[in-house]
Amino acid sequence: LYPTSDGFTDWSGTSFSVFESEDLTQWTNKGTILDLASAQVKWTIGGAWAPCIAEKEGMFYFYFTGKMADGRSGIGVAYADSISF
């Protein structure tokens with residue numbers, strides 16, 4: 001599960017976490033998978049919102065929205081050939 005609400009005022013959160021569940025009742029936070037305020041994503045200052053992940057031909061694509069320093073929002077994609085939590 002990749003939550004869309006960051007719990008911060010005005011969508012000011014800077015990172016995305018992933019949660020896992022065996023029974024869809026008890027959830028475990030597996031940690032941060034992408035931090036928009038770090039060197040991982042150079043064009044954002046935060047505004048972590050609307051994540052989505054897709055797999056195609058063995059590659060995983062994590063789409064997200066982030067906010068730039070001038071206040072505009074943009075859509076980004078992070079990708080990898082494997083995922084692990």
# chains A, B, ... in the order shown; residues from 1 in each chain; ligands from 1
>>> residues_around(residues="A:Glu20", least_positions_apart="2", cutoff="12 Å", atoms="only C-alpha atoms", output="list in words")
Leu1, Tyr2, Pro3, Ser17, Val18, Glu22, Asp23, Leu24, Thr25, Gln26, Trp27, Thr28, Asn29, Lys30, Gly31, Ser84 and Phe85 of chain A
>>> select_by_dssp(residues="chain A", states="strand (DSSP E)", output="PyMOL selection string")
chain A and resi 15-20+28-35+46-56+59-67+73-80
>>> atom_distance(atom1="atom CA of A:Thr9", atom2="atom CA of A:Ile45")
14.7 Å
>>> closest_residue(among="A:Phe64, A:Ser15, A:Glu57, A:Ser73", to="A:Ile33", atoms="only C-alpha atoms")
A:Ser15
>>> closest_residue(among="A:Lys42, A:Met68, A:Thr32, A:Tyr79", to="A:Glu55", atoms="only C-alpha atoms")
A:Tyr79
>>> closest_residue(among="A:Ala39, A:Ala50, A:Leu34, A:Thr14", to="A:Ala78", atoms="only C-alpha atoms")
A:Leu34
>>> atom_distance(atom1="atom CA of A:Ser82", atom2="atom CA of A:Thr65")
21.7 Å
>>> residues_around(residues="A:Lys67", least_positions_apart="4", cutoff="12 Å", atoms="only C-alpha atoms", output="PyMOL selection string")
chain A and resi 10-15+36-37+41-50+71-76
>>> write_last_selection(atoms="N, CA and C atoms", output="short mmCIF file (atom, residue, chain, number, x, y, z; two decimals), in the first residue's frame")
data_model
loop_
_atom_site.label_atom_id
_atom_site.label_comp_id
_atom_site.auth_asym_id
_atom_site.auth_seq_id
_atom_site.Cartn_x
_atom_site.Cartn_y
_atom_site.Cartn_z
N ASP A 10 -1.43 21.08 4.16
CA ASP A 10 -1.20 21.54 2.79
C ASP A 10 -0.30 20.61 1.97
N TRP A 11 -0.41 19.32 2.22
CA TRP A 11 0.37 18.33 1.46
C TRP A 11 1.86 18.68 1.47
N SER A 12 2.38 19.00 2.64
CA SER A 12 3.78 19.43 2.74
C SER A 12 4.74 18.29 3.06
N GLY A 13 4.25 17.06 3.11
CA GLY A 13 5.13 15.92 3.37
C GLY A 13 6.17 15.75 2.28
N THR A 14 7.29 15.15 2.64
CA THR A 14 8.39 15.03 1.69
C THR A 14 8.69 13.61 1.26
N SER A 15 8.02 12.62 1.84
CA SER A 15 8.41 11.24 1.52
C SER A 15 7.21 10.33 1.35
N LEU A 36 11.38 13.04 -1.30
CA LEU A 36 11.43 14.14 -2.26
C LEU A 36 12.32 15.30 -1.81
N ALA A 37 12.68 15.34 -0.54
CA ALA A 37 13.54 16.42 -0.04
C ALA A 37 15.01 16.02 -0.05
N VAL A 41 15.60 13.07 -5.57
CA VAL A 41 14.73 13.79 -6.51
C VAL A 41 15.13 15.26 -6.46
N LYS A 42 15.87 15.71 -7.41
CA LYS A 42 16.46 17.05 -7.37
C LYS A 42 15.49 18.19 -7.65
N TRP A 43 14.37 17.93 -8.31
CA TRP A 43 13.48 19.02 -8.72
C TRP A 43 12.39 19.33 -7.71
N THR A 44 12.25 18.56 -6.63
CA THR A 44 11.18 18.80 -5.67
C THR A 44 11.70 19.30 -4.33
N ILE A 45 10.77 19.93 -3.59
CA ILE A 45 11.05 20.32 -2.21
C ILE A 45 10.08 19.64 -1.26
N GLY A 46 9.18 18.85 -1.79
CA GLY A 46 8.16 18.18 -0.99
C GLY A 46 6.89 18.01 -1.79
N GLY A 47 5.75 18.13 -1.09
CA GLY A 47 4.47 17.98 -1.76
C GLY A 47 4.20 16.57 -2.22
N ALA A 48 4.68 15.59 -1.46
CA ALA A 48 4.50 14.18 -1.82
C ALA A 48 3.02 13.83 -1.87
N TRP A 49 2.56 13.38 -3.04
CA TRP A 49 1.13 13.13 -3.21
C TRP A 49 0.90 12.18 -4.38
N ALA A 50 -0.20 11.45 -4.31
CA ALA A 50 -0.75 10.64 -5.41
C ALA A 50 0.21 9.60 -5.99
N GLY A 71 6.55 26.69 -6.30
CA GLY A 71 5.16 26.42 -5.97
C GLY A 71 4.41 25.57 -6.98
N ARG A 72 4.97 25.39 -8.16
CA ARG A 72 4.30 24.54 -9.15
C ARG A 72 4.47 23.08 -8.78
N SER A 73 3.53 22.27 -9.24
CA SER A 73 3.60 20.83 -9.03
C SER A 73 4.01 20.14 -10.31
N GLY A 74 4.61 18.99 -10.17
CA GLY A 74 5.01 18.20 -11.33
C GLY A 74 4.83 16.72 -11.04
N ILE A 75 4.85 15.93 -12.08
CA ILE A 75 4.73 14.48 -11.95
C ILE A 75 6.09 13.87 -12.25
N GLY A 76 6.50 12.94 -11.41
CA GLY A 76 7.78 12.28 -11.61
C GLY A 76 7.60 10.78 -11.65
#
